[in-house]
file data-v1.pdb (PDB, C-alpha atoms)
ATOM      1  CA  MET K  30      66.324 168.620  59.334
ATOM      2  CA  GLN K  31      68.338 169.916  62.292
ATOM      3  CA  THR K  32      68.503 167.784  65.436
ATOM      4  CA  ILE K  33      66.671 168.938  68.540
ATOM      5  CA  THR K  34      68.973 168.978  71.559
ATOM      6  CA  THR K  35      66.920 170.787  74.223
ATOM      7  CA  ILE K  36      63.167 170.877  74.815
ATOM      8  CA  GLY K  37      61.155 172.958  77.241
ATOM      9  CA  LEU K  38      57.916 171.173  78.123
ATOM     10  CA  ASP K  39      55.118 173.109  79.799
ATOM     11  CA  ILE K  40      52.761 170.465  81.169
ATOM     12  CA  ALA K  41      49.055 170.954  81.860
ATOM     13  CA  LYS K  42      45.871 168.902  82.194
ATOM     14  CA  SER K  43      45.021 168.500  78.512
ATOM     15  CA  VAL K  44      47.185 170.674  76.231
ATOM     16  CA  PHE K  45      50.989 170.673  76.569
ATOM     17  CA  GLN K  46      53.345 173.227  75.030
ATOM     18  CA  VAL K  47      56.628 172.103  73.446
ATOM     19  CA  HIS K  48      59.555 174.402  72.675
ATOM     20  CA  GLY K  49      62.610 172.742  71.102
ATOM     21  CA  VAL K  50      65.926 174.227  69.986
ATOM     22  CA  ASP K  51      69.091 172.869  68.395
ATOM     23  CA  ALA K  52      72.685 173.078  69.602
ATOM     24  CA  GLY K  53      72.989 176.654  68.311
ATOM     25  CA  GLY K  54      69.874 177.897  70.057
ATOM     26  CA  GLN K  55      67.711 178.107  66.928
ATOM     27  CA  VAL K  56      64.048 177.285  67.436
ATOM     28  CA  ILE K  57      63.173 174.016  65.683
ATOM     29  CA  VAL K  58      59.739 173.187  67.043
ATOM     30  CA  ARG K  59      57.105 175.257  68.827
ATOM     31  CA  ARG K  60      53.734 173.599  69.029
ATOM     32  CA  GLN K  61      50.903 172.412  71.229
ATOM     33  CA  LEU K  62      50.266 168.730  71.872
ATOM     34  CA  LYS K  63      47.398 166.879  73.435
ATOM     35  CA  ARG K  64      48.150 164.634  76.382
ATOM     36  CA  ARG K  65      47.646 161.424  74.383
ATOM     37  CA  TYR K  66      50.226 162.485  71.781
ATOM     38  CA  ILE K  67      53.080 163.369  74.154
ATOM     39  CA  LEU K  68      54.720 159.941  74.328
ATOM     40  CA  THR K  69      54.270 159.399  70.581
ATOM     41  CA  PHE K  70      56.007 162.698  69.873
ATOM     42  CA  PHE K  71      59.013 161.938  72.071
ATOM     43  CA  GLN K  72      59.339 158.396  70.745
ATOM     44  CA  LYS K  73      60.179 159.819  67.322
ATOM     45  CA  LEU K  74      62.914 162.107  68.690
ATOM     46  CA  SER K  75      66.506 161.199  69.352
ATOM     47  CA  PRO K  76      67.569 161.376  73.032
ATOM     48  CA  CYS K  77      67.683 165.006  74.144
ATOM     49  CA  LEU K  78      67.525 167.206  77.232
ATOM     50  CA  VAL K  79      63.982 167.908  78.470
ATOM     51  CA  GLY K  80      63.197 170.561  81.078
ATOM     52  CA  ILE K  81      59.981 170.546  83.136
ATOM     53  CA  GLU K  82      58.767 172.640  86.023
ATOM     54  CA  ALA K  83      58.600 170.526  89.181
ATOM     55  CA  CYS K  84      55.106 169.643  90.385
ATOM     56  CA  GLY K  85      53.088 166.553  91.300
ATOM     57  CA  SER K  86      52.540 165.299  87.751
ATOM     58  CA  ALA K  87      56.024 166.333  86.582
ATOM     59  CA  HIS K  88      57.549 163.301  88.305
ATOM     60  CA  HIS K  89      55.230 161.009  86.349
ATOM     61  CA  TRP K  90      56.218 162.521  83.003
ATOM     62  CA  SER K  91      59.852 162.493  84.015
ATOM     63  CA  ARG K  92      59.718 158.731  84.578
ATOM     64  CA  GLU K  93      57.899 158.188  81.283
ATOM     65  CA  LEU K  94      60.365 160.262  79.241
ATOM     66  CA  GLN K  95      63.383 158.732  80.949
ATOM     67  CA  ALA K  96      62.075 155.321  79.938
ATOM     68  CA  LEU K  97      62.267 156.530  76.326
ATOM     69  CA  GLY K  98      65.951 157.453  76.706
ATOM     70  CA  HIS K  99      65.663 161.209  77.259
ATOM     71  CA  THR K 100      67.404 163.196  79.987
ATOM     72  CA  VAL K 101      64.794 164.956  82.114
ATOM     73  CA  ARG K 102      65.539 167.717  84.604
ATOM     74  CA  LEU K 103      62.942 169.162  86.951
ATOM     75  CA  MET K 104      63.255 172.755  88.135
ATOM     76  CA  PRO K 105      61.386 174.737  90.800
ATOM     77  CA  PRO K 106      58.910 177.146  89.153
ATOM     78  CA  ALA K 107      60.351 180.044  91.153
ATOM     79  CA  TYR K 108      63.717 179.566  89.445
ATOM     80  CA  VAL K 109      62.121 179.513  85.987
ATOM     81  CA  LYS K 110      60.054 182.659  86.476
ATOM     82  CA  PRO K 111      62.943 185.151  85.873
ATOM     83  CA  TYR K 112      63.325 183.775  82.334
ATOM     84  CA  VAL K 113      59.682 184.414  81.375
ATOM     85  CA  LYS K 114      59.243 187.297  78.935
ATOM     86  CA  ARG K 115      56.254 189.575  78.543
ATOM     87  CA  GLN K 116      52.758 188.346  77.758
ATOM     88  CA  LYS K 117      52.932 185.257  79.936
ATOM     89  CA  ASN K 118      51.293 182.235  78.292
ATOM     90  CA  ASP K 119      52.057 178.585  77.603
ATOM     91  CA  ALA K 120      54.407 179.386  74.725
ATOM     92  CA  THR K 121      56.517 181.847  76.731
ATOM     93  CA  ASP K 122      56.572 179.457  79.689
ATOM     94  CA  ALA K 123      57.894 176.625  77.533
ATOM     95  CA  GLU K 124      60.525 178.960  76.070
ATOM     96  CA  ALA K 125      61.591 180.052  79.546
ATOM     97  CA  ILE K 126      61.867 176.415  80.660
ATOM     98  CA  CYS K 127      63.983 175.595  77.627
ATOM     99  CA  GLU K 128      66.339 178.458  78.437
ATOM    100  CA  ALA K 129      66.512 177.834  82.181
ATOM    101  CA  VAL K 130      67.359 174.130  81.858
ATOM    102  CA  THR K 131      70.579 174.962  80.023
ATOM    103  CA  ARG K 132      71.960 177.180  82.800
ATOM    104  CA  THR K 133      74.961 175.741  84.589
ATOM    105  CA  ASN K 134      74.030 177.267  87.962
ATOM    106  CA  MET K 135      70.431 176.048  87.878
ATOM    107  CA  ARG K 136      69.223 173.876  90.749
ATOM    108  CA  PHE K 137      67.259 170.766  89.864
ATOM    109  CA  VAL K 138      64.780 168.572  91.705
ATOM    110  CA  PRO K 139      65.413 164.805  91.763
ATOM    111  CA  THR K 140      62.691 162.668  90.219
ATOM    112  CA  LYS K 141      60.622 160.758  92.772
ATOM    113  CA  THR K 142      59.593 157.167  92.265
ATOM    114  CA  ALA K 143      55.986 156.026  92.393
ATOM    115  CA  GLU K 144      56.589 154.538  95.864
ATOM    116  CA  GLN K 145      57.973 157.821  97.185
ATOM    117  CA  GLN K 146      55.002 159.783  95.889
ATOM    118  CA  SER K 147      52.540 157.321  97.385
ATOM    119  CA  GLY K 148      54.285 157.629 100.755
ATOM    120  CA  LEU K 149      53.896 161.413 100.702
ATOM    121  CA  VAL K 150      50.118 161.008 100.654
ATOM    122  CA  LEU K 151      50.172 159.729 104.245
ATOM    123  CA  HIS K 152      52.318 162.654 105.428
ATOM    124  CA  ARG K 153      50.069 165.264 103.812
ATOM    125  CA  ALA K 154      46.767 163.735 104.923
ATOM    126  CA  PRO K 155      45.027 165.607 107.780
ATOM    127  CA  PRO K 156      44.809 163.800 111.137
ATOM    128  CA  SER K 157      41.043 163.386 110.782
ATOM    129  CA  VAL K 158      41.430 161.039 107.784
ATOM    130  CA  HIS K 159      44.737 159.446 108.775
ATOM    131  CA  PRO K 160      44.384 155.658 109.198
ATOM    132  CA  SER K 161      46.237 155.752 112.519
ATOM    133  CA  ALA K 162      43.926 158.366 114.064
ATOM    134  CA  ASP K 163      42.100 157.171 117.175
ATOM    135  CA  LEU K 164      38.567 158.511 116.865
ATOM    136  CA  GLY K 165      37.523 157.048 120.203
ATOM    137  CA  ASP K 166      39.752 159.373 122.247
ATOM    138  CA  GLN K 167      38.492 162.687 120.960
ATOM    139  CA  CYS K 168      38.271 165.569 123.388
ATOM    140  CA  ASN K 169      35.119 165.994 125.467
ATOM    141  CA  PRO K 170      32.781 168.275 123.450
ATOM    142  CA  SER K 171      31.509 170.126 126.536
ATOM    143  CA  PRO K 172      31.772 173.977 126.406
ATOM    144  CA  PRO K 173      34.390 174.356 129.216
ATOM    145  CA  CYS K 174      36.919 172.249 127.290
ATOM    146  CA  ARG K 175      39.910 174.473 126.527
ATOM    147  CA  VAL K 176      41.589 172.094 124.091
ATOM    148  CA  ARG K 177      38.277 171.539 122.298
ATOM    149  CA  ASP K 178      38.107 175.269 121.518
ATOM    150  CA  ARG K 179      41.343 174.954 119.584
ATOM    151  CA  CYS K 180      40.468 171.737 117.764
ATOM    152  CA  ALA K 181      36.749 171.939 116.998
ATOM    153  CA  GLY K 182      35.996 173.090 113.479
ATOM    154  CA  ARG K 183      39.677 173.347 112.607
ATOM    155  CA  ALA K 184      40.577 169.904 111.282
ATOM    156  CA  SER K 185      43.460 171.282 109.217
ATOM    157  CA  ARG K 186      45.049 172.929 112.302
ATOM    158  CA  CYS K 187      44.279 170.241 114.874
ATOM    159  CA  ARG K 188      47.387 168.401 116.008
ATOM    160  CA  GLY K 189      45.514 165.129 116.387
ATOM    161  CA  ALA K 190      43.643 163.221 119.053
ATOM    162  CA  ALA K 191      46.829 161.863 120.626
ATOM    163  CA  GLN K 192      48.219 165.262 121.662
ATOM    164  CA  CYS K 193      44.780 166.381 122.789
ATOM    165  CA  ARG K 194      44.477 163.297 125.007
ATOM    166  CA  HIS K 195      47.965 163.722 126.487
ATOM    167  CA  ARG K 196      47.347 167.368 127.300
ATOM    168  CA  CYS K 197      44.055 166.549 128.979
ATOM    169  CA  GLU K 198      45.758 163.849 131.043
ATOM    170  CA  ARG K 199      48.438 166.313 132.193
ATOM    171  CA  GLN K 200      45.769 168.811 133.217
ATOM    172  CA  ALA K 201      43.849 166.122 135.093
ATOM    173  CA  SER K 202      46.952 165.021 137.012
ATOM    174  CA  SER K 203      47.717 168.600 138.112
ATOM    175  CA  GLY K 204      44.361 168.881 139.880
ATOM    176  CA  ASN K 205      43.057 171.978 138.073
ATOM    177  CA  SER K 206      41.730 170.262 134.983
ATOM    178  CA  SER K 207      38.841 171.686 133.013
ATOM    179  CA  CYS K 208      39.187 169.190 130.171
ATOM    180  CA  VAL K 209      39.443 165.399 130.307
ATOM    181  CA  SER K 210      39.419 163.312 127.164
ATOM    182  CA  LEU K 211      36.365 161.184 126.616
ATOM    183  CA  GLY K 212      38.332 157.955 126.291
ATOM    184  CA  THR K 213      40.371 158.613 129.465
ATOM    185  CA  ARG K 214      37.299 159.445 131.542
ATOM    186  CA  ARG K 215      35.453 156.354 130.409
ATOM    187  CA  SER K 216      38.436 154.066 131.047
ATOM    188  CA  THR K 217      39.037 155.578 134.529
ATOM    189  CA  ALA K 218      35.384 155.261 135.497
ATOM    190  CA  LYS K 219      35.302 151.683 134.257
ATOM    191  CA  ASP K 220      38.367 150.725 136.305
ATOM    192  CA  GLN K 221      36.835 152.245 139.447
ATOM    193  CA  GLY K 222      33.472 150.545 138.861
ATOM    194  CA  ALA K 223      31.620 153.855 138.558
ATOM    195  CA  ASP K 224      29.097 155.068 136.035
ATOM    196  CA  THR K 225      30.625 155.420 132.548
ATOM    197  CA  ARG K 226      28.390 158.306 131.522
ATOM    198  CA  VAL K 227      30.155 161.644 131.060
ATOM    199  CA  ARG K 228      28.383 164.394 132.960
ATOM    200  CA  PRO K 229      28.955 167.976 131.744
ATOM    201  CA  ALA K 230      29.014 169.443 135.268
ATOM    202  CA  ASP K 231      31.338 166.990 137.051
ATOM    203  CA  GLN K 232      34.759 167.814 138.553
ATOM    204  CA  GLY K 233      33.681 171.302 139.572
ATOM    205  CA  LEU K 234      32.790 172.591 136.093
ATOM    206  CA  ALA K 235      29.558 174.311 137.182
ATOM    207  CA  PRO K 236      31.294 177.533 138.368
ATOM    208  CA  ILE K 237      33.258 177.741 135.125
ATOM    209  CA  GLN K 238      30.104 177.343 133.055
ATOM    210  CA  ARG K 239      28.322 180.025 135.112
ATOM    211  CA  ASP K 240      31.204 182.489 134.647
ATOM    212  CA  GLU K 241      31.282 181.913 130.897
ATOM    213  CA  GLN K 242      27.522 182.432 130.591
ATOM    214  CA  GLU K 243      27.714 185.691 132.537
ATOM    215  CA  ALA K 244      30.614 186.876 130.362
ATOM    216  CA  ARG K 245      28.615 186.201 127.201
ATOM    217  CA  ARG K 246      25.565 188.090 128.526
ATOM    218  CA  SER K 247      27.520 191.163 129.644
ATOM    219  CA  PRO K 248      27.758 193.873 126.895
ATOM    220  CA  ARG K 249      31.107 195.048 125.619
ATOM    221  CA  ARG K 250      32.053 198.662 126.145
ATOM    222  CA  ARG K 251      34.651 200.499 124.173
ATOM    223  CA  SER K 252      36.614 202.850 126.363
ATOM    224  CA  GLY K 253      36.923 206.270 124.779
ATOM    225  CA  ALA K 254      35.523 205.273 121.380
ATOM    226  CA  GLY K 255      32.047 206.671 122.053
ATOM    227  CA  HIS K 256      33.339 209.999 123.381
ATOM    228  CA  ARG K 257      35.547 210.449 120.358
ATOM    229  CA  PHE K 258      32.738 210.142 117.808
ATOM    230  CA  GLY K 259      29.941 211.602 119.947
ATOM    231  CA  ARG K 260      27.981 208.345 120.279
ATOM    232  CA  CYS K 261      28.533 207.524 123.931
ATOM    233  CA  ARG K 262      25.754 205.402 125.399
ATOM    234  CA  CYS K 263      27.208 204.931 128.871
TER     235      CYS K 263
END
call {"tool": "encode", "arguments": {"input": "data-v1.pdb", "output": "structure tokens"}}
result
Amino acid sequence: MQTITTIGLDIAKSVFQVHGVDAGGQVIVRRQLKRRYILTFFQKLSPCLVGIEACGSAHHWSRELQALGHTVRLMPPAYVKPYVKRQKNDATDAEAICEAVTRTNMRFVPTKTAEQQSGLVLHRAPPSVHPSADLGDQCNPSPPCRVRDRCAGRASRCRGAAQCRHRCERQASSGNSSCVSLGTRRSTAKDQGADTRVRPADQGLAPIQRDEQEARRSPRRRSGAGHRFGRCRC
């Protein structure tokens, strides 16, 4: 039996595709394997070059196969795509990976350790679930709050309570503030011995609320649109 030198491994959730060739490029093995049989299959092989598309679980399999003595190289999926032939499926993907890993000008992704991957979880977590988020200094949920309009209902886009608080403090110091963070207002009122309740109409917010209510009640008119289509209701 000829020795397998290069293997293209297309990983998935349950069924993996293996495409192995020898030194001359002849196909030796082309088969599907269940997840529980992957390590058993590679334990029986002599050390060879294994190519995998880089993803979250690819780093795990790279560490497992390197522990068995194989050389694993991870590649960005965008660099493997030009080698995929027609009728894209798991078999053609594994064949494309096997061909791309042998290219001399191919760029590879270094394998991350388990500690590095666990650290990335904190960087990718949204501010609302981050352990360092200060939930007590959220922006005042009153309607005139300008920063609240950007943050409310958009947890994935919100830059966090810290920036919201700092921006509110800068607006309050300038004298024309329409938004003061809840934590800052409570702490300031407590230091001055005043009432700690947050009133929606304090600091001159009543005129702003009245203007916004009038703007919502006033109908919108489209200039020129009604005349063009003959439906003018002016």
call {"tool": "atom_distance", "arguments": {"input": "data-v1.pdb", "atom1": "atom CA of K:Val79", "atom2": "atom CA of K:Lys117"}}
result
20.6 Å
call {"tool": "resolve_selection", "arguments": {"input": "data-v1.pdb", "expression": "the PyMOL selection byres ((chain K and resi 81) around 8)", "output": "ChimeraX atom specification"}}
result
/K:37-40,79-80,82-83,87,101-104,126
call {"tool": "atom_distance", "arguments": {"input": "data-v1.pdb", "atom1": "atom CA of K:Thr142", "atom2": "atom CA of K:His89"}}
result
8.3 Å
call {"tool": "residues_near_point", "arguments": {"input": "data-v1.pdb", "point": "(59.9, 160.8, 72.5)", "cutoff": "12 Å", "atoms": "all atoms listed in the file", "output": "list in words"}}
result
Ile33, Ile36, Leu38, Val47, Tyr66, Ile67, Leu68, Thr69, Phe70, Phe71, Gln72, Lys73, Leu74, Ser75, Pro76, Cys77, Leu78, Val79, Trp90, Ser91, Glu93, Leu94, Gln95, Ala96, Leu97, Gly98, His99, Thr100 and Val101 of chain K
call {"tool": "resolve_selection", "arguments": {"input": "data-v1.pdb", "expression": "the PyMOL selection byres ((chain K and resi 44) around 6)", "output": "VMD selection string"}}
result
chain K and resid 41 43 45 62 to 63
call {"tool": "closest_residue", "arguments": {"input": "data-v1.pdb", "among": "K:Pro106, K:Gly49, K:Gly85, K:Gly148", "to": "K:Met135", "atoms": "only C-alpha atoms"}}
result
K:Pro106
call {"tool": "atom_distance", "arguments": {"input": "data-v1.pdb", "atom1": "atom CA of K:Ala123", "atom2": "atom CA of K:Ser147"}}
result
28.2 Å
call {"tool": "closest_residue", "arguments": {"input": "data-v1.pdb", "among": "K:Arg64, K:His48, K:Arg92, K:Arg59", "to": "K:Glu128", "atoms": "all atoms listed in the file"}}
result
K:His48
call {"tool": "axis_aligned_box", "arguments": {"input": "data-v1.pdb", "around": "stretch 74-91 of chain K", "padding_each_side": "6 Å", "output": "AutoDock Vina command-line options"}}
result
--center_x 60.1 --center_y 166.8 --center_z 80.0 --size_x 27.1 --size_y 23.6 --size_z 34.6
call {"tool": "closest_residue", "arguments": {"input": "data-v1.pdb", "among": "K:Ala120, K:Ala244, K:Ala129, K:Leu151", "to": "K:Val58", "atoms": "only C-alpha atoms"}}
result
K:Ala120
